[in-house]
Amino acid sequence: MAGVALTGAVPAGAVSGGAVGDPSGNTRIAPGVAYRDYDIPAANGTAHAHVLDVNLRDPRVRVGLLHPGAVGARQAVSAMADRAGAVAGVNGDFFNITETQHPGVEATGAPVGPAVASGRPLKAAVPDGQRFGPALPPGTTTEDVLGVGVDGRARLDRMSLDGRIDSRQGRLPLRGLNQYALAEGSIGAFTSLWGTTSRVRATCGTDTDRGAPCSTDTYEVTVRQGRVAERAETPGRGAIAADTTVLVGREAGARELRKLAVGERVQVRHRLVASASRVPYGFAVGGYPVLRDGAPLPGLDGRVSAVRTAAGVSADGRRLFLLALDGAAEYRTGLTIAEVAAALRALGADDGFSLDGGGSSTLAARAPGAPAVSVRNHPSGGAERPVPNGIAVFSGK
């Protein structure tokens with residue numbers, strides 16, 4: 001198969017396919033999964049795309065969430081894919097990568113948006129003003145997700161947290177689940193899924209300014225087996241047992257938590273609610289929409305080019321395209337978000353979704369017969385960046 005000539009060295013295991021500017025030819029990775037790479041002429045220079053074409057009609061194929069086992073943790077895409085037994089994968093959501101504006105506060109590594117793995121909600125979305133990543137297109141939010149339902153169809157949706165705390169003090173709204181940032185005046189819950197990372201970051205910033213100082217009015221309550229077991233003035237860190245929920249409050253939320261006494265019965269309930277689909281999700285990951293019903297979203301940026309990762313969904317939800325741009329020096333100008341939407345449309349996508357980019361952009365796939373995946377693009381940082389989650393592609397025989 002005639003391939004695109006890369007100026008730099010091709011990553012180990014990479015296979016080139018298709019003509020320049022044409023996303024046609026592909027190479028079979030596994031049943032129902034194909035890989036291709038090709039050049040995309042762009043406004044600021046040529047970009048090079050690596051694409052997984054996933055046939056969700058094939059009963060041997062499924063898609064899931066790659067994650068390192070805890071919300072507040074990071075790992076390389078290739079390592080997560082191999083551990084999960086995936087044949088391919090790409091990086092996922094934007095995440096809390098740095099805390100330079102909050103000296104002494106640990107960056108959690110946790111993702112921005114909702115996440116669902118194997119039908120189980122892992123976390124909810126941070127406030128829009130607390131997100132990392134480029135500015136959101138008009139009309140989008142941190143609650144936007146790309147997911148695959150139990151019906152096997154991929155779709156874009158929006159997932160919000162429905163939660164409450166019941167005690168003899170009354171009922172309180174729960175406005176966070178395993179999030180690195182909580183809304184001002186709110187209470188959030190942390191479960192065993194969070195991991196061992198510090199919970200202090202959850203009380204930093206404001207709803208409109210991620211870099212604003214950390215709150216000076218905080219409180220933490222540990223609920224074990226349905227009763228208040230511990231209380232503290234500041235959020236802590238460390239593993240959370242399966243029978244335990246840690247409630248963290250800031251401002252008005254902190255004042256409400258101070259009313260709870262040790263030994264008091266407390267019930268915490270939470271679920272993620274999808275706004276569009278009534279079909280439960282087996283998998284969902286955060287990011288933001290760029291293409292709907294075959295048309296780019298209004299207001300997409302057409303000026304700033306970058307290395308990017310994105311996903312596209314066919315009109316019937318039965319075909320998923322996972323695209324990661326190459327970060328080699330000759331292609332590092334990348335694409336604008338508007339150009340990403342056009343590239344997904346050219347692949348056959350009706351809906352498109354932007355994922356984290358830059359040094360995070362990674363596409364890994366297993367060559368037929370190989371024992372492990374190999375990275376097909378050149379990560380722009382020179383090596384894989386540890387990330388909090390990704391999209392896994394599985395294929396049986």
# chains A, B, ... in the order shown; residues from 1 in each chain; ligands from 1
>>> residues_around(residues="segment 115-123 of chain A", least_positions_apart="2", cutoff="7 Å", atoms="only C-alpha atoms", output="PyMOL selection string")
chain A and resi 64-65+113+125+177-179+193+272+281-286
>>> write_last_selection(atoms="all heavy atoms", output="CSV table (one decimal), in the first residue's frame")
chain,number,residue,atom,x,y,z
A,64,GLY,N,-14.3,1.7,25.4
A,64,GLY,CA,-14.4,2.0,26.8
A,64,GLY,C,-13.5,3.1,27.3
A,64,GLY,O,-12.8,3.7,26.4
A,65,LEU,N,-13.5,3.4,28.6
A,65,LEU,CA,-12.7,4.5,29.1
A,65,LEU,C,-11.3,3.9,29.6
A,65,LEU,O,-11.3,3.0,30.4
A,65,LEU,CB,-13.4,5.2,30.3
A,65,LEU,CG,-12.7,6.4,30.8
A,65,LEU,CD1,-12.9,7.6,29.9
A,65,LEU,CD2,-13.1,6.7,32.2
A,113,GLY,N,-14.1,17.1,32.8
A,113,GLY,CA,-15.5,16.7,32.6
A,113,GLY,C,-16.0,15.4,33.2
A,113,GLY,O,-15.2,14.8,33.9
A,125,ALA,N,-18.5,17.1,36.3
A,125,ALA,CA,-17.8,18.1,35.7
A,125,ALA,C,-17.5,19.3,36.7
A,125,ALA,O,-18.3,19.6,37.6
A,125,ALA,CB,-18.6,18.7,34.5
A,177,LEU,N,-18.7,15.6,42.5
A,177,LEU,CA,-18.3,14.2,42.7
A,177,LEU,C,-16.9,14.0,42.1
A,177,LEU,O,-16.7,14.0,40.9
A,177,LEU,CB,-19.3,13.3,42.0
A,177,LEU,CG,-19.0,11.8,42.0
A,177,LEU,CD1,-19.0,11.2,43.4
A,177,LEU,CD2,-20.0,11.0,41.1
A,178,ASN,N,-16.0,13.7,43.0
A,178,ASN,CA,-14.6,13.4,42.6
A,178,ASN,C,-14.0,14.5,41.7
A,178,ASN,O,-13.5,14.1,40.6
A,178,ASN,CB,-14.5,12.0,42.0
A,178,ASN,CG,-14.8,10.9,43.0
A,178,ASN,OD1,-14.4,11.1,44.2
A,178,ASN,ND2,-15.4,9.8,42.6
A,179,GLN,N,-14.2,15.7,42.0
A,179,GLN,CA,-13.8,16.9,41.1
A,179,GLN,C,-12.6,17.6,41.7
A,179,GLN,O,-12.6,17.8,43.0
A,179,GLN,CB,-15.0,17.8,41.0
A,179,GLN,CG,-16.2,17.2,40.3
A,179,GLN,CD,-17.4,18.1,40.4
A,179,GLN,OE1,-18.5,17.7,40.2
A,179,GLN,NE2,-17.2,19.4,40.6
A,193,LEU,N,-13.0,6.1,44.4
A,193,LEU,CA,-12.5,6.2,43.1
A,193,LEU,C,-11.6,7.4,42.9
A,193,LEU,O,-10.9,7.5,41.8
A,193,LEU,CB,-13.8,6.4,42.1
A,193,LEU,CG,-14.7,5.2,42.1
A,193,LEU,CD1,-16.0,5.6,41.3
A,193,LEU,CD2,-14.1,4.0,41.5
A,272,LEU,N,-25.1,10.5,37.7
A,272,LEU,CA,-25.0,11.4,36.5
A,272,LEU,C,-26.2,11.2,35.6
A,272,LEU,O,-26.6,10.1,35.3
A,272,LEU,CB,-23.7,11.0,35.7
A,272,LEU,CG,-22.4,11.4,36.4
A,272,LEU,CD1,-21.2,11.0,35.5
A,272,LEU,CD2,-22.3,12.8,36.8
A,281,TYR,N,-25.2,4.9,29.6
A,281,TYR,CA,-23.9,4.9,29.0
A,281,TYR,C,-23.0,3.9,29.6
A,281,TYR,O,-22.9,3.8,30.8
A,281,TYR,CB,-23.3,6.3,29.1
A,281,TYR,CG,-23.8,7.3,28.1
A,281,TYR,CD1,-24.9,8.1,28.5
A,281,TYR,CD2,-23.3,7.4,26.8
A,281,TYR,CE1,-25.4,9.0,27.6
A,281,TYR,CE2,-23.9,8.3,25.9
A,281,TYR,CZ,-24.9,9.1,26.3
A,281,TYR,OH,-25.5,10.0,25.4
A,282,GLY,N,-22.3,3.1,28.8
A,282,GLY,CA,-21.3,2.2,29.3
A,282,GLY,C,-20.0,2.9,29.4
A,282,GLY,O,-19.1,2.6,30.2
A,283,PHE,N,-19.8,4.0,28.6
A,283,PHE,CA,-18.6,4.8,28.6
A,283,PHE,C,-18.9,6.2,28.2
A,283,PHE,O,-19.8,6.5,27.4
A,283,PHE,CB,-17.6,4.2,27.5
A,283,PHE,CG,-16.8,5.2,26.8
A,283,PHE,CD1,-15.7,5.7,27.4
A,283,PHE,CD2,-17.2,5.6,25.5
A,283,PHE,CE1,-14.9,6.7,26.7
A,283,PHE,CE2,-16.4,6.6,24.8
A,283,PHE,CZ,-15.3,7.1,25.4
A,284,ALA,N,-18.2,7.2,28.9
A,284,ALA,CA,-18.3,8.6,28.5
A,284,ALA,C,-17.1,9.3,29.0
A,284,ALA,O,-16.5,9.0,30.0
A,284,ALA,CB,-19.6,9.2,29.2
A,285,VAL,N,-16.7,10.3,28.2
A,285,VAL,CA,-15.5,11.1,28.5
A,285,VAL,C,-15.8,12.5,28.1
A,285,VAL,O,-16.6,12.8,27.2
A,285,VAL,CB,-14.3,10.6,27.6
A,285,VAL,CG1,-14.5,10.8,26.1
A,285,VAL,CG2,-13.0,11.1,28.1
A,286,GLY,N,-15.1,13.5,28.9
A,286,GLY,CA,-15.3,14.9,28.6
A,286,GLY,C,-14.5,15.5,27.5
A,286,GLY,O,-13.5,14.9,27.1
>>> residues_around(residues="segment 241-249 of chain A", least_positions_apart="3", cutoff="7 Å", atoms="only C-alpha atoms", output="list in words")
Ser186, Ile187, Gly188, Ala189, Phe190, Thr191, Ser192, Thr218, Tyr219, Glu220, Val221, Thr222, Val223, Arg224, Gln225, Pro235, Gly253, Ala254 and Leu257 of chain A
>>> write_last_selection(atoms="all heavy atoms", output="CSV table (one decimal), in the first residue's frame")
chain,number,residue,atom,x,y,z
A,186,SER,N,-20.4,25.5,47.8
A,186,SER,CA,-21.0,24.1,47.6
A,186,SER,C,-20.3,23.0,48.4
A,186,SER,O,-19.3,23.3,49.2
A,186,SER,CB,-20.9,23.7,46.1
A,186,SER,OG,-19.6,23.4,45.8
A,187,ILE,N,-20.9,21.8,48.3
A,187,ILE,CA,-20.3,20.6,48.9
A,187,ILE,C,-20.1,19.6,47.8
A,187,ILE,O,-21.0,19.4,47.0
A,187,ILE,CB,-21.3,20.1,50.0
A,187,ILE,CG1,-21.6,21.1,51.1
A,187,ILE,CG2,-20.7,18.8,50.6
A,187,ILE,CD1,-22.7,20.7,52.0
A,188,GLY,N,-19.0,18.9,47.9
A,188,GLY,CA,-18.7,17.9,47.0
A,188,GLY,C,-18.3,16.6,47.7
A,188,GLY,O,-17.9,16.6,48.8
A,189,ALA,N,-18.5,15.5,47.0
A,189,ALA,CA,-18.2,14.2,47.6
A,189,ALA,C,-17.0,13.5,46.9
A,189,ALA,O,-16.8,13.7,45.7
A,189,ALA,CB,-19.4,13.2,47.4
A,190,PHE,N,-16.2,12.9,47.7
A,190,PHE,CA,-15.0,12.2,47.2
A,190,PHE,C,-15.2,10.7,47.7
A,190,PHE,O,-15.4,10.5,48.9
A,190,PHE,CB,-13.7,12.8,47.7
A,190,PHE,CG,-13.4,14.1,47.1
A,190,PHE,CD1,-14.0,15.3,47.6
A,190,PHE,CD2,-12.6,14.2,46.0
A,190,PHE,CE1,-13.7,16.5,47.1
A,190,PHE,CE2,-12.3,15.5,45.4
A,190,PHE,CZ,-12.9,16.6,46.0
A,191,THR,N,-15.0,9.8,46.8
A,191,THR,CA,-15.1,8.4,47.1
A,191,THR,C,-13.8,7.6,46.8
A,191,THR,O,-12.8,8.2,46.5
A,191,THR,CB,-16.2,7.7,46.2
A,191,THR,OG1,-15.7,7.6,44.8
A,191,THR,CG2,-17.5,8.6,46.2
A,192,SER,N,-13.8,6.3,47.0
A,192,SER,CA,-12.6,5.5,46.8
A,192,SER,C,-12.1,5.6,45.4
A,192,SER,O,-10.9,5.4,45.1
A,192,SER,CB,-12.9,4.1,47.1
A,192,SER,OG,-14.0,3.6,46.3
A,218,THR,N,-13.2,26.5,54.8
A,218,THR,CA,-13.4,25.1,54.3
A,218,THR,C,-13.7,24.1,55.4
A,218,THR,O,-13.4,24.4,56.6
A,218,THR,CB,-12.2,24.6,53.5
A,218,THR,OG1,-11.1,24.5,54.4
A,218,THR,CG2,-11.8,25.5,52.4
A,219,TYR,N,-14.3,23.0,55.1
A,219,TYR,CA,-14.6,22.0,56.1
A,219,TYR,C,-14.7,20.6,55.4
A,219,TYR,O,-15.1,20.6,54.3
A,219,TYR,CB,-15.9,22.3,56.9
A,219,TYR,CG,-15.9,21.7,58.3
A,219,TYR,CD1,-15.1,22.2,59.3
A,219,TYR,CD2,-16.8,20.6,58.6
A,219,TYR,CE1,-15.1,21.6,60.6
A,219,TYR,CE2,-16.8,20.1,59.9
A,219,TYR,CZ,-16.0,20.6,60.9
A,219,TYR,OH,-16.0,20.0,62.1
A,220,GLU,N,-14.3,19.6,56.2
A,220,GLU,CA,-14.4,18.2,55.6
A,220,GLU,C,-15.0,17.3,56.7
A,220,GLU,O,-14.6,17.3,57.8
A,220,GLU,CB,-13.0,17.8,55.3
A,220,GLU,CG,-12.9,16.4,54.7
A,220,GLU,CD,-11.5,16.0,54.1
A,220,GLU,OE1,-11.2,16.4,53.0
A,220,GLU,OE2,-10.8,15.3,54.9
A,221,VAL,N,-15.9,16.5,56.2
A,221,VAL,CA,-16.6,15.5,57.0
A,221,VAL,C,-16.4,14.1,56.4
A,221,VAL,O,-16.7,13.9,55.2
A,221,VAL,CB,-18.1,15.8,57.2
A,221,VAL,CG1,-18.8,14.6,57.8
A,221,VAL,CG2,-18.3,17.1,58.0
A,222,THR,N,-15.9,13.2,57.2
A,222,THR,CA,-15.8,11.8,56.7
A,222,THR,C,-17.0,11.0,57.2
A,222,THR,O,-17.3,10.8,58.4
A,222,THR,CB,-14.5,11.1,57.2
A,222,THR,OG1,-13.4,11.9,56.7
A,222,THR,CG2,-14.4,9.7,56.7
A,223,VAL,N,-17.7,10.4,56.2
A,223,VAL,CA,-18.9,9.6,56.5
A,223,VAL,C,-18.5,8.1,56.2
A,223,VAL,O,-18.2,7.8,55.1
A,223,VAL,CB,-20.1,10.0,55.6
A,223,VAL,CG1,-21.3,9.1,55.9
A,223,VAL,CG2,-20.5,11.4,55.8
A,224,ARG,N,-18.6,7.3,57.3
A,224,ARG,CA,-18.2,5.9,57.2
A,224,ARG,C,-19.4,5.0,57.6
A,224,ARG,O,-19.9,5.2,58.7
A,224,ARG,CB,-17.0,5.6,58.0
A,224,ARG,CG,-16.4,4.2,57.9
A,224,ARG,CD,-15.1,4.1,58.7
A,224,ARG,NE,-14.1,5.0,58.2
A,224,ARG,CZ,-13.5,5.9,58.9
A,224,ARG,NH1,-13.8,6.1,60.2
A,224,ARG,NH2,-12.6,6.7,58.4
A,225,GLN,N,-19.8,4.2,56.7
A,225,GLN,CA,-20.9,3.3,56.9
A,225,GLN,C,-22.1,4.1,57.4
A,225,GLN,O,-22.9,3.6,58.2
A,225,GLN,CB,-20.5,2.2,57.9
A,225,GLN,CG,-19.5,1.2,57.4
A,225,GLN,CD,-19.1,0.2,58.4
A,225,GLN,OE1,-19.5,0.2,59.6
A,225,GLN,NE2,-18.4,-0.9,58.0
A,235,PRO,N,-9.4,20.2,53.9
A,235,PRO,CA,-9.4,19.0,53.2
A,235,PRO,C,-8.1,18.2,53.4
A,235,PRO,O,-7.1,18.8,53.5
A,235,PRO,CB,-9.6,19.4,51.7
A,235,PRO,CG,-10.2,20.8,51.8
A,235,PRO,CD,-9.6,21.4,53.1
A,253,GLY,N,-21.1,26.0,52.0
A,253,GLY,CA,-21.1,24.5,52.1
A,253,GLY,C,-20.3,24.1,53.4
A,253,GLY,O,-20.7,23.1,54.1
A,254,ALA,N,-19.3,24.8,53.7
A,254,ALA,CA,-18.5,24.5,54.9
A,254,ALA,C,-19.3,24.7,56.1
A,254,ALA,O,-19.3,23.9,57.1
A,254,ALA,CB,-17.2,25.3,54.9
A,257,LEU,N,-21.7,21.9,56.7
A,257,LEU,CA,-21.0,20.6,57.2
A,257,LEU,C,-20.6,20.7,58.6
A,257,LEU,O,-20.6,19.7,59.3
A,257,LEU,CB,-19.8,20.4,56.3
A,257,LEU,CG,-20.0,19.9,54.9
A,257,LEU,CD1,-18.7,19.6,54.2
A,257,LEU,CD2,-20.9,18.7,54.8
>>> closest_residue(among="A:Leu355, A:Leu156, A:Cys214, A:Ala34", to="Glu99 of chain A", atoms="only C-alpha atoms")
A:Cys214
>>> residues_around(residues="segment 130-132 of chain A", least_positions_apart="2", cutoff="10 Å", atoms="only C-alpha atoms", output="MDAnalysis selection string")
chainID A and resid 93:98 111:113 125:128 134:136 141:142 180:183 204:212 356
>>> atom_distance(atom1="atom CA of Gly152 of chain A", atom2="atom CA of Leu66 of chain A")
17.5 Å
>>> select_by_dssp(residues="segment 64-264 of chain A", states="strand (DSSP E or B)", output="NGL selection string")
:A and (64-66 or 75 or 88-91 or 95 or 111 or 115-117 or 120-123 or 144-149 or 154-167 or 170-173 or 176-177 or 187-190 or 204 or 214 or 218-224 or 227-232 or 244-250)
>>> atom_distance(atom1="atom CA of Tyr35 of chain A", atom2="atom CA of His50 of chain A")
7.4 Å
>>> closest_residue(among="A:Gly109, A:Gly149, A:Pro298, A:Gly69", to="Arg318 of chain A", atoms="only C-alpha atoms")
A:Gly149
>>> closest_residue(among="A:Asn91, A:Ser277, A:Ser215, A:Asn44", to="Leu322 of chain A", atoms="only C-alpha atoms")
A:Asn91
>>> closest_residue(among="A:Asp166, A:Glu184, A:Asp301, A:Glu233", to="Gln267 of chain A", atoms="only C-alpha atoms")
A:Asp166
>>> residues_around(residues="Trp194 of chain A", least_positions_apart="4", cutoff="6 Å", atoms="only C-alpha atoms", output="PDB file with C-alpha atoms, in the first residue's frame")
ATOM      1  CA  ALA A  70      -8.082   6.550  40.166  1.00  0.00           C
ATOM      2  CA  VAL A  71      -9.596   9.875  39.083  1.00  0.00           C
ATOM      3  CA  GLY A  72      -6.717  11.829  40.620  1.00  0.00           C
ATOM      4  CA  ASN A 178     -14.582  13.415  42.626  1.00  0.00           C
TER       5      ASN A 178
END
